[in-house]
Amino acid sequence: MVESAFESRENNLDFVRLVLAILVILSHSWSIGTGDSVLEPMTRLSHGQATFGTIAVHAFFIISGFLITNSFLRSRSLWTYLKKRVARIYPGFIVCMVVCASVVVPLSGARLLPDRLAPRLISFVGRTLALHRFTHTIAFAGSPNSAINDSVWSIPDEFYCYLLVAVIGLVGVLRKRYFVEIMFFASLVSIEVVSFMAGSQKLITNVSLDRWFHFQSCAMFLAGMLFFLLRDKIPHKNSLAVASVLVLAIASQVPHAWYLAFAFAGTYLVFWFAFHPRISLHHAALYGDFSYGIYLYAFPIQQLITLAMGSRLNPYLLFLMSTPASLLAAVLSWYGVERWFLASGRRHGRDAPILAVPVS
């Protein structure tokens with residue numbers, strides 16, 4: 001069997017994830033610094049179809065779909081797989097929510113009221129175990145964006161996707177390309193229909209639309225899964241990368257086209273770069289995988305900086321001020337929490353090899 005170009009252990013995936021985490025900081029610099037994401041450059045370039053943040057989150061899910069499929073197929077048992085997934089998500093998330101409640105809220109000028117402390121504590125524990133973000137109605141109430149940590153909305157979606165892989169793996173269809181293809185294309189059709197209906201004002205329920213936005217990320221996860229299963233059929237060509245860039249450029253000018261284009265062209269570009277044989281950025285996680293920590297802590301750090309500087313701040317200045325602080329928080333999260341729950345290889349920046357197993 002010929003080895004796929006997308007099976008090299010020496011890849012740039014850790015570097016890509018680090019860049020994506022920083023891209024989220026850049027995107028949030030508008031919604032936090034000014035309270036208005038409409039002026040964000042990617043929002044204008046795509047005519048409101050995407051932001052740097054949505055691109056980063058979707059790319060995160062694409063990479064995750066690829067790697068988590070590999071993880072399940074490499075795992076000796078369901079328990080082994082779930083233990084690895086819980087160890088990667090939960091420790092960092094739990095500590096981050098504790099920090100948000102005990103440090104960020106007081107620094108914001110609010111306080112945790114002592115009345116009904118037991119019910120509040122029970123609610124906090126329950127929501128945290130369900131991977132729901134911590135909220136406080138008073139914290140950052142006068143800021144352009146009043147959320148404490150709006151980034152972590154995607155964390156439960158990520159974990160649900162892990163469970164999806166486990167379910168379809170247990171029923172024996174994870175190796176069946178046609179089954180994942182059906183799921184992927186069905187999700188794209190559903191999202192495009194809802195997007196069109198929303199644009200036509202035939203669907204105006206904000207709650208319904210919010211659920212579909214979450215579903216978009218899961219569809220991107222399916223794109224990563226499908227790429228993994230088809231990796232031996234997909235060529236690694238610079239010409240296809242150029243074509244993908246052109247497709248995205250055209251889609252940015254066509255209403256309702258960006259998401260569909262990114263599911264294909266964006267997915268190809270992510271892995272084209274990550275597995276490019278002449279781009280050697282293989283050791284981005286040599287001293288730690290800081291992308292998750294940046295994603296967890298950047299938002300509250302940006303909120304605190306904006307509050308300290310007078311509630312509103314130039315987005316580019318906010319980005320420059322918050323990125324080093326977010327990286328420092330990520331380093332502390334990695335060395336203080338995350339790495340102690342991971343396998344020894346991952347602690348030293350080594351991903352598991354891509355499984356070279358034929359699928360049908």
# chains A, B, ... in the order shown; residues from 1 in each chain; ligands from 1
call {"tool": "residues_around", "arguments": {"residues": "A:Arg177", "least_positions_apart": "4", "cutoff": "10 Å", "atoms": "only C-alpha atoms", "output": "mmCIF file with N, CA and C atoms, in the first residue's frame"}}
result
data_model
loop_
_atom_site.group_PDB
_atom_site.id
_atom_site.type_symbol
_atom_site.label_atom_id
_atom_site.label_comp_id
_atom_site.auth_asym_id
_atom_site.auth_seq_id
_atom_site.Cartn_x
_atom_site.Cartn_y
_atom_site.Cartn_z
ATOM 1 N N VAL A 173 -19.132 1.528 11.658
ATOM 2 C CA VAL A 173 -19.204 2.213 10.360
ATOM 3 C C VAL A 173 -18.192 3.346 10.233
ATOM 4 N N GLU A 181 -19.441 10.083 4.393
ATOM 5 C CA GLU A 181 -19.778 10.973 3.280
ATOM 6 C C GLU A 181 -21.243 11.393 3.340
ATOM 7 N N ILE A 182 -22.124 10.444 3.631
ATOM 8 C CA ILE A 182 -23.552 10.750 3.731
ATOM 9 C C ILE A 182 -23.808 11.733 4.860
ATOM 10 N N MET A 225 -12.962 14.364 9.478
ATOM 11 C CA MET A 225 -13.083 12.909 9.514
ATOM 12 C C MET A 225 -13.012 12.327 8.108
ATOM 13 N N LEU A 226 -13.771 12.934 7.199
ATOM 14 C CA LEU A 226 -13.820 12.417 5.833
ATOM 15 C C LEU A 226 -12.468 12.559 5.148
ATOM 16 N N PHE A 227 -11.771 13.653 5.400
ATOM 17 C CA PHE A 227 -10.442 13.827 4.817
ATOM 18 C C PHE A 227 -9.512 12.725 5.309
ATOM 19 N N PHE A 228 -9.611 12.387 6.585
ATOM 20 C CA PHE A 228 -8.790 11.304 7.121
ATOM 21 C C PHE A 228 -9.078 9.992 6.401
ATOM 22 N N LEU A 229 -10.347 9.688 6.204
ATOM 23 C CA LEU A 229 -10.727 8.422 5.586
ATOM 24 C C LEU A 229 -10.377 8.368 4.108
ATOM 25 N N LEU A 230 -10.299 9.543 3.468
ATOM 26 C CA LEU A 230 -10.006 9.604 2.034
ATOM 27 C C LEU A 230 -8.568 10.029 1.745
ATOM 28 N N VAL A 359 -9.427 1.717 4.604
ATOM 29 C CA VAL A 359 -10.843 1.814 4.940
ATOM 30 C C VAL A 359 -11.634 1.559 3.684
ATOM 31 N N SER A 360 -12.909 1.274 3.879
ATOM 32 C CA SER A 360 -13.733 0.910 2.724
ATOM 33 C C SER A 360 -14.790 1.957 2.458
#
call {"tool": "closest_atom_pairs", "arguments": {"of": "stretch 115-226 of chain A", "to": "stretch 298-310 of chain A", "cutoff": "12 Å", "atoms": "only C-alpha atoms", "output": "JSON lines"}}
result
{"residue": "A:Arg133", "atom": "CA", "partner": "A:Pro300", "partner_atom": "CA", "distance": 11.8}
{"residue": "A:Phe134", "atom": "CA", "partner": "A:Pro300", "partner_atom": "CA", "distance": 11.3}
{"residue": "A:Thr135", "atom": "CA", "partner": "A:Pro300", "partner_atom": "CA", "distance": 11.6}
{"residue": "A:Ala139", "atom": "CA", "partner": "A:Gln303", "partner_atom": "CA", "distance": 10.0}
{"residue": "A:Phe140", "atom": "CA", "partner": "A:Gln303", "partner_atom": "CA", "distance": 7.6}
{"residue": "A:Ala141", "atom": "CA", "partner": "A:Leu307", "partner_atom": "CA", "distance": 10.4}
{"residue": "A:Gly142", "atom": "CA", "partner": "A:Leu307", "partner_atom": "CA", "distance": 8.8}
{"residue": "A:Ser143", "atom": "CA", "partner": "A:Leu307", "partner_atom": "CA", "distance": 6.8}
{"residue": "A:Pro144", "atom": "CA", "partner": "A:Thr306", "partner_atom": "CA", "distance": 9.1}
{"residue": "A:Asn145", "atom": "CA", "partner": "A:Gln303", "partner_atom": "CA", "distance": 7.9}
{"residue": "A:Ser146", "atom": "CA", "partner": "A:Gln303", "partner_atom": "CA", "distance": 8.4}
{"residue": "A:Ala147", "atom": "CA", "partner": "A:Gln303", "partner_atom": "CA", "distance": 8.4}
{"residue": "A:Ile148", "atom": "CA", "partner": "A:Pro300", "partner_atom": "CA", "distance": 5.7}
{"residue": "A:Asn149", "atom": "CA", "partner": "A:Phe299", "partner_atom": "CA", "distance": 5.4}
{"residue": "A:Asp150", "atom": "CA", "partner": "A:Phe299", "partner_atom": "CA", "distance": 6.7}
{"residue": "A:Ser151", "atom": "CA", "partner": "A:Phe299", "partner_atom": "CA", "distance": 6.4}
{"residue": "A:Val152", "atom": "CA", "partner": "A:Phe299", "partner_atom": "CA", "distance": 9.0}
{"residue": "A:Trp153", "atom": "CA", "partner": "A:Phe299", "partner_atom": "CA", "distance": 11.6}
call {"tool": "closest_atom_pairs", "arguments": {"of": "stretch 127-225 of chain A", "to": "stretch 46-62 of chain A", "cutoff": "7 Å", "atoms": "only C-alpha atoms", "output": "CSV"}}
result
residue,atom,partner,partner_atom,distance
A:Ser217,CA,A:His58,CA,5.7
A:Met220,CA,A:Ile62,CA,5.2
A:Phe221,CA,A:Phe61,CA,4.7
A:Ala223,CA,A:Ile62,CA,6.0
A:Gly224,CA,A:Ile62,CA,4.2
call {"tool": "select_by_dssp", "arguments": {"residues": "stretch 137-313 of chain A", "states": "helix (DSSP H, G or I)", "output": "PyMOL selection string"}}
result
chain A and resi 150-170+177-199+206-229+238-251+258-274+291-308
call {"tool": "closest_residue", "arguments": {"among": "A:Leu45, A:Trp334, A:Phe185, A:Arg278", "to": "A:Ser252", "atoms": "only C-alpha atoms"}}
result
A:Leu45
